[in-house]
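Participant: Contents are mmCIF, C-alpha atoms; file name protein-v7.cif:
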data_run
loop_
_atom_site.group_PDB
_atom_site.id
_atom_site.type_symbol
_atom_site.label_atom_id
_atom_site.label_comp_id
_atom_site.auth_asym_id
_atom_site.auth_seq_id
_atom_site.Cartn_x
_atom_site.Cartn_y
_atom_site.Cartn_z
ATOM 1 C CA MET A 1 -58.879 54.929 73.666
ATOM 2 C CA SER A 2 -55.886 53.957 75.682
ATOM 3 C CA PRO A 3 -52.353 54.344 74.275
ATOM 4 C CA GLY A 4 -51.770 50.580 74.401
ATOM 5 C CA GLY A 5 -54.848 49.906 72.331
ATOM 6 C CA ALA A 6 -53.824 52.504 69.764
ATOM 7 C CA GLY A 7 -50.407 50.879 69.371
ATOM 8 C CA CYS A 8 -51.903 47.438 68.894
ATOM 9 C CA SER A 9 -54.354 48.674 66.283
ATOM 10 C CA ALA A 10 -51.550 50.439 64.400
ATOM 11 C CA GLY A 11 -49.433 47.280 64.368
ATOM 12 C CA LEU A 12 -52.411 45.260 63.220
ATOM 13 C CA LEU A 13 -53.044 47.644 60.358
ATOM 14 C CA LEU A 14 -49.416 47.495 59.241
ATOM 15 C CA THR A 15 -49.510 43.687 59.289
ATOM 16 C CA VAL A 16 -52.709 43.592 57.247
ATOM 17 C CA GLY A 17 -51.261 46.108 54.792
ATOM 18 C CA TRP A 18 -48.116 44.032 54.267
ATOM 19 C CA LEU A 19 -50.187 40.908 53.742
ATOM 20 C CA LEU A 20 -52.300 42.675 51.129
ATOM 21 C CA LEU A 21 -49.191 43.917 49.330
ATOM 22 C CA ALA A 22 -47.679 40.432 49.340
ATOM 23 C CA GLY A 23 -50.901 38.997 47.876
ATOM 24 C CA LEU A 24 -50.947 41.614 45.120
ATOM 25 C CA GLN A 25 -47.316 40.932 44.282
ATOM 26 C CA SER A 26 -47.875 37.200 43.936
ATOM 27 C CA THR A 27 -51.090 37.724 41.911
ATOM 28 C CA TYR A 28 -50.029 40.416 39.402
ATOM 29 C CA GLY A 29 -46.313 40.022 39.462
ATOM 30 C CA ILE A 30 -45.724 43.598 40.707
ATOM 31 C CA ASN A 31 -42.217 44.271 42.011
ATOM 32 C CA ILE A 32 -42.443 46.189 45.208
ATOM 33 C CA THR A 33 -39.311 47.572 46.722
ATOM 34 C CA ALA A 34 -38.773 49.470 49.862
ATOM 35 C CA VAL A 35 -38.700 53.227 49.676
ATOM 36 C CA GLN A 36 -35.160 54.427 49.219
ATOM 37 C CA ASP A 37 -33.403 57.711 49.043
ATOM 38 C CA PRO A 38 -33.348 59.024 45.427
ATOM 39 C CA SER A 39 -29.606 59.561 45.550
ATOM 40 C CA LEU A 40 -29.019 55.965 46.645
ATOM 41 C CA ALA A 41 -31.276 54.709 43.862
ATOM 42 C CA ASN A 42 -29.400 56.718 41.263
ATOM 43 C CA GLU A 43 -26.081 55.383 42.550
ATOM 44 C CA GLY A 44 -27.377 51.815 42.308
ATOM 45 C CA GLU A 45 -28.522 52.374 38.758
ATOM 46 C CA GLY A 46 -25.153 53.826 37.814
ATOM 47 C CA GLU A 47 -23.356 50.861 39.289
ATOM 48 C CA ASP A 48 -25.644 48.447 37.369
ATOM 49 C CA GLU A 49 -25.022 50.298 34.127
ATOM 50 C CA GLY A 50 -21.263 50.226 34.707
ATOM 51 C CA GLU A 51 -21.359 46.508 35.377
ATOM 52 C CA ASN A 52 -23.400 45.920 32.205
ATOM 53 C CA GLU A 53 -20.977 47.968 30.112
ATOM 54 C CA GLY A 54 -18.001 46.059 31.535
ATOM 55 C CA GLU A 55 -19.634 42.743 30.714
ATOM 56 C CA GLU A 56 -20.362 43.891 27.156
ATOM 57 C CA GLU A 57 -16.747 45.015 26.665
ATOM 58 C CA ALA A 58 -15.446 41.672 27.995
ATOM 59 C CA GLU A 59 -17.727 39.780 25.629
ATOM 60 C CA ASN A 60 -16.570 41.918 22.687
ATOM 61 C CA ASP A 61 -12.906 41.320 23.601
ATOM 62 C CA SER A 62 -13.459 37.549 23.871
ATOM 63 C CA GLU A 63 -15.219 37.496 20.500
ATOM 64 C CA ALA A 64 -12.364 39.491 18.953
ATOM 65 C CA GLU A 65 -9.851 37.000 20.351
ATOM 66 C CA ASN A 66 -11.867 33.980 19.195
ATOM 67 C CA GLU A 67 -12.176 35.218 15.597
ATOM 68 C CA PRO A 68 -8.403 35.044 14.810
ATOM 69 C CA GLN A 69 -8.232 31.627 16.455
ATOM 70 C CA ALA A 70 -11.103 30.383 14.304
ATOM 71 C CA GLU A 71 -9.438 31.800 11.182
ATOM 72 C CA ALA A 72 -6.143 30.134 12.103
ATOM 73 C CA GLU A 73 -7.893 26.806 12.622
ATOM 74 C CA GLU A 74 -9.570 27.142 9.222
ATOM 75 C CA ASP A 75 -6.201 27.881 7.577
ATOM 76 C CA VAL A 76 -4.627 24.866 9.255
ATOM 77 C CA SER A 77 -7.522 22.633 8.171
ATOM 78 C CA ASN A 78 -7.195 23.925 4.610
ATOM 79 C CA ARG A 79 -3.450 23.253 4.579
ATOM 80 C CA THR A 80 -3.834 19.752 6.026
ATOM 81 C CA VAL A 81 -3.315 17.094 3.349
ATOM 82 C CA VAL A 82 -4.856 13.665 3.715
ATOM 83 C CA LYS A 83 -1.934 11.236 3.866
ATOM 84 C CA GLU A 84 -2.368 7.665 2.638
ATOM 85 C CA VAL A 85 0.125 4.908 3.350
ATOM 86 C CA GLU A 86 0.709 1.420 2.025
ATOM 87 C CA PHE A 87 2.962 -1.350 3.267
ATOM 88 C CA GLY A 88 5.669 -3.076 1.257
ATOM 89 C CA MET A 89 6.421 -6.773 1.117
ATOM 90 C CA CYS A 90 7.881 -8.381 4.209
ATOM 91 C CA THR A 91 11.507 -9.454 3.785
ATOM 92 C CA VAL A 92 10.779 -12.928 5.171
ATOM 93 C CA THR A 93 8.122 -15.578 4.622
ATOM 94 C CA CYS A 94 8.329 -16.797 8.206
ATOM 95 C CA GLY A 95 9.542 -15.540 11.533
ATOM 96 C CA VAL A 96 10.391 -11.864 11.978
ATOM 97 C CA GLY A 97 11.526 -9.427 9.289
ATOM 98 C CA ILE A 98 11.152 -5.824 8.158
ATOM 99 C CA ARG A 99 8.985 -3.998 5.634
ATOM 100 C CA GLU A 100 8.731 -0.492 4.210
ATOM 101 C CA VAL A 101 5.943 1.966 4.983
ATOM 102 C CA ILE A 102 5.317 3.946 1.792
ATOM 103 C CA LEU A 103 3.469 7.258 1.592
ATOM 104 C CA THR A 104 1.301 7.508 -1.549
ATOM 105 C CA ASN A 105 -0.064 11.022 -0.979
ATOM 106 C CA GLY A 106 1.535 14.137 0.472
ATOM 107 C CA CYS A 107 5.128 13.401 -0.553
ATOM 108 C CA PRO A 108 7.516 16.366 -0.868
ATOM 109 C CA GLY A 109 8.007 17.794 -4.325
ATOM 110 C CA SER A 110 6.552 15.973 -7.300
ATOM 111 C CA GLU A 111 7.222 12.469 -6.001
ATOM 112 C CA SER A 112 4.242 10.134 -6.155
ATOM 113 C CA LYS A 113 5.582 7.753 -3.505
ATOM 114 C CA CYS A 114 8.111 8.092 -0.727
ATOM 115 C CA ILE A 115 9.335 5.843 2.086
ATOM 116 C CA VAL A 116 8.256 7.073 5.505
ATOM 117 C CA ARG A 117 9.874 4.481 7.733
ATOM 118 C CA VAL A 118 10.843 0.832 8.079
ATOM 119 C CA GLU A 119 8.970 -1.300 10.567
ATOM 120 C CA GLU A 120 9.006 -4.850 11.821
ATOM 121 C CA CYS A 121 6.784 -7.517 10.271
ATOM 122 C CA ARG A 122 6.087 -11.112 11.230
ATOM 123 C CA GLY A 123 5.104 -14.289 9.468
ATOM 124 C CA PRO A 124 4.419 -17.867 10.553
ATOM 125 C CA VAL A 125 6.515 -19.026 13.493
ATOM 126 C CA ASP A 126 7.675 -22.363 12.027
ATOM 127 C CA CYS A 127 10.411 -21.819 9.415
ATOM 128 C CA GLY A 128 11.057 -25.526 8.838
ATOM 129 C CA TRP A 129 14.579 -26.730 8.008
ATOM 130 C CA GLY A 130 17.201 -24.137 7.249
ATOM 131 C CA LYS A 131 20.683 -24.018 5.740
ATOM 132 C CA PRO A 132 23.923 -23.067 7.510
ATOM 133 C CA ILE A 133 25.370 -19.632 6.844
ATOM 134 C CA SER A 134 28.803 -21.229 6.324
ATOM 135 C CA GLU A 135 30.231 -24.727 6.495
ATOM 136 C CA SER A 136 33.429 -26.637 5.988
ATOM 137 C CA LEU A 137 34.559 -30.231 6.414
ATOM 138 C CA GLU A 138 35.288 -29.600 10.090
ATOM 139 C CA SER A 139 32.627 -27.195 11.382
ATOM 140 C CA VAL A 140 29.334 -25.474 10.604
ATOM 141 C CA ARG A 141 27.955 -22.053 11.570
ATOM 142 C CA LEU A 142 24.205 -21.807 12.232
ATOM 143 C CA ALA A 143 22.090 -18.665 12.664
ATOM 144 C CA CYS A 144 18.731 -18.076 14.323
ATOM 145 C CA VAL A 145 16.005 -16.003 12.715
ATOM 146 C CA HIS A 146 16.464 -12.406 13.863
ATOM 147 C CA THR A 147 16.610 -8.765 12.809
ATOM 148 C CA SER A 148 18.876 -5.926 13.834
ATOM 149 C CA PRO A 149 19.672 -5.365 16.597
ATOM 150 C CA ALA A 150 20.155 -9.033 17.403
ATOM 151 C CA ASN A 151 20.474 -8.468 21.157
ATOM 152 C CA ARG A 152 16.824 -7.445 21.509
ATOM 153 C CA PHE A 153 15.780 -11.084 21.128
ATOM 154 C CA LYS A 154 16.344 -14.091 23.318
ATOM 155 C CA TYR A 155 17.579 -17.326 21.718
ATOM 156 C CA ILE A 156 17.211 -20.915 22.882
ATOM 157 C CA TRP A 157 19.305 -23.605 21.156
ATOM 158 C CA ARG A 158 18.359 -27.285 21.454
ATOM 159 C CA LEU A 159 20.074 -30.473 20.403
ATOM 160 C CA LEU A 160 17.314 -32.697 19.067
ATOM 161 C CA ARG A 161 17.444 -36.393 19.853
ATOM 162 C CA PRO A 162 14.833 -39.122 19.310
ATOM 163 C CA ASP A 163 14.134 -39.422 23.016
ATOM 164 C CA GLN A 164 14.630 -35.848 24.252
ATOM 165 C CA ALA A 165 15.798 -32.321 23.426
ATOM 166 C CA ILE A 166 18.841 -30.942 25.247
ATOM 167 C CA ILE A 167 18.959 -27.182 25.832
ATOM 168 C CA LEU A 168 22.403 -25.780 25.054
ATOM 169 C CA ALA A 169 24.203 -23.094 27.041
ATOM 170 C CA ASN A 170 24.674 -20.847 24.022
ATOM 171 C CA ASP A 171 22.195 -17.927 24.031
ATOM 172 C CA SER A 172 23.520 -15.966 21.051
ATOM 173 C CA ALA A 173 22.096 -15.812 17.529
ATOM 174 C CA ILE A 174 25.081 -17.699 16.029
ATOM 175 C CA LEU A 175 26.078 -21.252 16.936
ATOM 176 C CA GLU A 176 29.240 -22.964 15.688
ATOM 177 C CA VAL A 177 29.109 -26.759 15.657
ATOM 178 C CA HIS A 178 31.921 -29.244 14.924
ATOM 179 C CA ARG A 179 31.062 -32.253 12.834
ATOM 180 C CA ASP A 180 30.810 -35.576 14.593
ATOM 181 C CA THR A 181 30.824 -39.203 13.535
ATOM 182 C CA HIS A 182 27.017 -39.153 13.563
ATOM 183 C CA PRO A 183 24.615 -36.580 12.058
ATOM 184 C CA LYS A 184 22.986 -34.146 14.448
ATOM 185 C CA ALA A 185 19.875 -31.974 14.435
ATOM 186 C CA PHE A 186 19.617 -28.575 16.091
ATOM 187 C CA GLU A 187 16.701 -26.220 16.707
ATOM 188 C CA CYS A 188 16.712 -22.532 17.547
ATOM 189 C CA GLU A 189 13.774 -20.567 18.947
ATOM 190 C CA THR A 190 13.691 -16.791 18.798
ATOM 191 C CA LEU A 191 11.764 -15.134 21.640
ATOM 192 C CA ASP A 192 10.557 -11.542 21.968
ATOM 193 C CA ASN A 193 9.147 -10.661 25.405
ATOM 194 C CA ASN A 194 8.946 -14.388 26.213
ATOM 195 C CA GLU A 195 6.908 -14.988 23.044
ATOM 196 C CA ILE A 196 8.208 -17.350 20.359
ATOM 197 C CA VAL A 197 8.357 -15.419 17.075
ATOM 198 C CA ALA A 198 10.431 -17.875 15.007
ATOM 199 C CA SER A 199 11.651 -21.469 15.087
ATOM 200 C CA ILE A 200 14.116 -23.092 12.690
ATOM 201 C CA LYS A 201 15.871 -26.485 12.515
ATOM 202 C CA PHE A 202 19.216 -27.584 11.039
ATOM 203 C CA THR A 203 20.772 -30.922 10.113
ATOM 204 C CA ILE A 204 24.534 -31.322 10.519
ATOM 205 C CA TYR A 205 25.950 -34.140 8.395
ATOM 206 C CA THR A 206 29.165 -35.983 9.077
ATOM 207 C CA THR A 207 32.319 -35.346 7.061
ATOM 208 C CA THR A 208 31.905 -38.585 5.117
ATOM 209 C CA GLU A 209 28.281 -37.832 4.262
ATOM 210 C CA LEU A 210 29.193 -34.314 3.144
ATOM 211 C CA GLN A 211 31.922 -35.631 0.840
ATOM 212 C CA MET A 212 29.553 -38.206 -0.641
ATOM 213 C CA LYS A 213 26.913 -35.538 -1.293
ATOM 214 C CA ARG A 214 29.422 -33.283 -2.997
ATOM 215 C CA SER A 215 30.774 -36.114 -5.182
ATOM 216 C CA SER A 216 27.299 -37.301 -6.157
ATOM 217 C CA ARG A 217 26.276 -33.886 -7.448
ATOM 218 C CA PRO A 218 26.590 -33.486 -11.229
ATOM 219 C CA ASP A 219 29.437 -31.299 -12.332
ATOM 220 C CA THR A 220 27.204 -28.579 -13.666
ATOM 221 C CA ASP A 221 29.593 -25.741 -12.922
ATOM 222 C CA ALA A 222 31.966 -26.580 -15.772
ATOM 223 C CA VAL A 223 29.123 -27.047 -18.246
ATOM 224 C CA LEU A 224 27.549 -23.771 -17.175
ATOM 225 C CA VAL A 225 30.833 -21.904 -17.560
ATOM 226 C CA PHE A 226 31.370 -23.408 -21.037
ATOM 227 C CA VAL A 227 27.871 -22.450 -22.220
ATOM 228 C CA LEU A 228 28.201 -18.941 -20.853
ATOM 229 C CA THR A 229 31.592 -18.504 -22.532
ATOM 230 C CA ILE A 230 30.279 -19.641 -25.925
ATOM 231 C CA GLY A 231 27.273 -17.345 -25.566
ATOM 232 C CA VAL A 232 29.435 -14.346 -24.742
ATOM 233 C CA ILE A 233 31.737 -15.035 -27.713
ATOM 234 C CA MET A 234 28.770 -15.305 -30.080
ATOM 235 C CA CYS A 235 27.283 -12.056 -28.808
ATOM 236 C CA ILE A 236 30.612 -10.238 -29.278
ATOM 237 C CA PHE A 237 30.970 -11.644 -32.814
ATOM 238 C CA VAL A 238 27.456 -10.500 -33.777
ATOM 239 C CA ILE A 239 28.086 -7.031 -32.344
ATOM 240 C CA PHE A 240 31.345 -6.616 -34.291
ATOM 241 C CA LEU A 241 29.674 -7.901 -37.478
ATOM 242 C CA LEU A 242 26.880 -5.359 -37.167
ATOM 243 C CA MET A 243 29.374 -2.563 -36.522
ATOM 244 C CA PHE A 244 31.390 -3.567 -39.630
ATOM 245 C CA ILE A 245 28.250 -3.589 -41.783
ATOM 246 C CA ILE A 246 27.166 -0.170 -40.512
ATOM 247 C CA ILE A 247 30.613 1.393 -41.040
ATOM 248 C CA ASN A 248 31.154 -0.112 -44.520
ATOM 249 C CA TRP A 249 27.553 0.058 -45.671
ATOM 250 C CA ALA A 250 28.407 1.468 -49.126
ATOM 251 C CA ALA A 251 30.886 -1.304 -49.912
ATOM 252 C CA VAL A 252 28.501 -3.946 -48.631
ATOM 253 C CA LYS A 253 25.718 -2.484 -50.777
ATOM 254 C CA ASP A 254 27.887 -2.531 -53.912
ATOM 255 C CA PHE A 255 28.998 -6.078 -53.190
ATOM 256 C CA TRP A 256 25.463 -7.343 -52.774
ATOM 257 C CA GLY A 257 24.343 -5.359 -55.880
ATOM 258 C CA ALA A 258 27.068 -6.895 -58.075
ATOM 259 C CA LYS A 259 26.262 -10.344 -56.761
ATOM 260 C CA ALA A 260 22.561 -9.833 -57.482
ATOM 261 C CA SER A 261 23.270 -8.643 -61.060
ATOM 262 C CA THR A 262 25.545 -11.647 -61.671
ATOM 263 C CA THR A 263 22.832 -14.027 -60.543
ATOM 264 C CA GLU A 264 20.300 -12.271 -62.781
ATOM 265 C CA MET A 265 22.612 -12.604 -65.839
ATOM 266 C CA GLN A 266 23.188 -16.253 -65.099
ATOM 267 C CA SER A 267 19.459 -16.833 -64.832
ATOM 268 C CA GLU A 268 18.851 -15.055 -68.155
ATOM 269 C CA LEU A 269 21.543 -17.087 -69.918
ATOM 270 C CA SER A 270 20.124 -20.292 -68.558
ATOM 271 C CA SER A 271 16.643 -19.308 -69.750
ATOM 272 C CA VAL A 272 17.965 -18.508 -73.273
ATOM 273 C CA ARG A 273 19.811 -21.800 -73.438
ATOM 274 C CA TYR A 274 16.645 -23.590 -72.392
ATOM 275 C CA LYS A 275 14.662 -21.906 -75.172
ATOM 276 C CA ASP A 276 17.274 -22.800 -77.810
ATOM 277 C CA SER A 277 17.320 -26.401 -76.734
ATOM 278 C CA THR A 278 13.529 -26.616 -76.940
ATOM 279 C CA CYS A 279 13.564 -25.157 -80.506
ATOM 280 C CA LEU A 280 16.154 -27.662 -81.618
ATOM 281 C CA ASP A 281 14.142 -30.468 -80.148
ATOM 282 C CA GLN A 282 10.979 -29.422 -82.028
ATOM 283 C CA SER A 283 12.535 -28.810 -85.549
ATOM 284 C CA PRO A 284 13.114 -32.506 -86.632
ATOM 285 C CA THR A 285 9.533 -33.408 -85.871
ATOM 286 C CA GLU A 286 8.206 -30.756 -88.250
ATOM 287 C CA ILE A 287 10.206 -31.886 -91.352
ATOM 288 C CA PRO A 288 8.300 -35.155 -92.084
ATOM 289 C CA GLY A 289 5.058 -33.231 -92.128
ATOM 290 C CA HIS A 290 6.316 -30.886 -94.883
ATOM 291 C CA GLU A 291 7.593 -33.844 -96.970
ATOM 292 C CA ASP A 292 4.231 -35.594 -96.836
ATOM 293 C CA ASP A 293 2.499 -32.432 -98.054
ATOM 294 C CA ALA A 294 4.899 -32.117 -100.996
ATOM 295 C CA LEU A 295 4.458 -35.778 -102.034
ATOM 296 C CA SER A 296 0.700 -35.443 -101.952
ATOM 297 C CA GLU A 297 0.815 -32.351 -104.185
ATOM 298 C CA TRP A 298 3.153 -34.113 -106.666
ATOM 299 C CA ASN A 299 0.881 -37.152 -106.848
ATOM 300 C CA GLU A 300 -2.060 -34.976 -107.656
#
Written as structure tokens, how would this file's structure read?
Facilitator:
Amino acid sequence: MSPGGAGCSAGLLLTVGWLLLAGLQSTYGINITAVQDPSLANEGEGEDEGENEGEEEAENDSEAENEPQAEAEEDVSNRTVVKEVEFGMCTVTCGVGIREVILTNGCPGSESKCIVRVEECRGPVDCGWGKPISESLESVRLACVHTSPANRFKYIWRLLRPDQAIILANDSAILEVHRDTHPKAFECETLDNNEIVASIKFTIYTTTELQMKRSSRPDTDAVLVFVLTIGVIMCIFVIFLLMFIIINWAAVKDFWGAKASTTEMQSELSSVRYKDSTCLDQSPTEIPGHEDDALSEWNE
């Protein structure tokens, strides 16, 4: 055989052998590795074992770190108290006001309720017709609906007329108006972020109308003062009378005892006198009966 043919047959045999090995590996799941030096294999195994041990130590360290965190979270969850809140009444029935936020559970100490904070509350926008904060015969001071701080709101004042409403230049919460010969009507709108939160109207009467209203009112102040004065005097008198009775209880008891005995004696005397009078009234009627009996015995 020629050398070239021998080389080809050897290569063919190697190829067939590798194909057979690949078929066996896929069929039976046999792991076939190339032949290595024993020392290299041992070094590879040592490196694998070292890597496995390092991974195990890292996992143990992570578990040890996670356990205290889990315990801390459990302690925090156990210490957490469920807090319940309720809201107080709003200070206004319309417009913008404030209300209290009350904590009903989790208050410090032994308190059952405690105020957490104060927050803003709102009601209907239209507040109808209001009253001035102060007035005299010459001028009137009007106030828009607002809360502190007043500068956080925007205010629009209008003079109301039958045909139109005139916007005034004043943009503050307080407006001072002088009385005129004719009554006037004003309106104030309170805006928060260009949103109307309250609207209120006022009527400004003339000086003559104000005087007529004041004169037409019944003079109840004097009557009220008189009634209150009499009531206070009566209460003081009753208090002093009770104190005198308590302090001099023995003398009061003797006085009422002597008075009661005197009334009893008078009642007894009156009863005796009544009995005597009835006996005297009955005695003359009995005498004729005895005389008739005697006459009948004598006749017999």
Participant: List the residues selected by the PyMOL selection byres ((chain A and resi 116) around 8) in the file shown, writing them as an MDAnalysis selection string.
Facilitator: chainID A and resid 100:103 114:115 117:118
Participant: Using the chain letters and numbers from the file, give me the residues hit by the PyMOL selection byres ((chain A and resi 133) around 7), as JSON, numbers by chain.
Facilitator: {"A": [131, 132, 134, 141, 142, 143]}
Participant: Can you tell me how far atom CA of A:Gln211 sits from atom CA of A:Glu176, in Å to one decimal?
Facilitator: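 The value is 19.7 Å.
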Participant: For stretch 183-189 of chain A, please output as a list in words all residues within 6 Å (counting all atoms listed in the file; exclusion window: fewer than 6 positions along the same chain).
Facilitator: Cys144, Tyr155, Ile156, Trp157, Arg158, Leu159, Leu160, Ala198, Ser199, Ile200, Lys201, Phe202, Thr203, Ile204, Tyr205 and Thr206 of chain A
Participant: Need to verify the contact set: A:His178, 7 Å, all atoms listed in the file, exclusion of same-chain residues closer than 3 positions in sequence. Can you return it as a list in words?
Facilitator: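 Residues near the query, excluding close chain neighbours: Glu138, Ser139 and Val140 of chain A.
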Participant: Between atom CA of A:Val238 and atom CA of A:Asp254, what distance in Å does the model show, to one decimal?
Facilitator: 21.7 Å
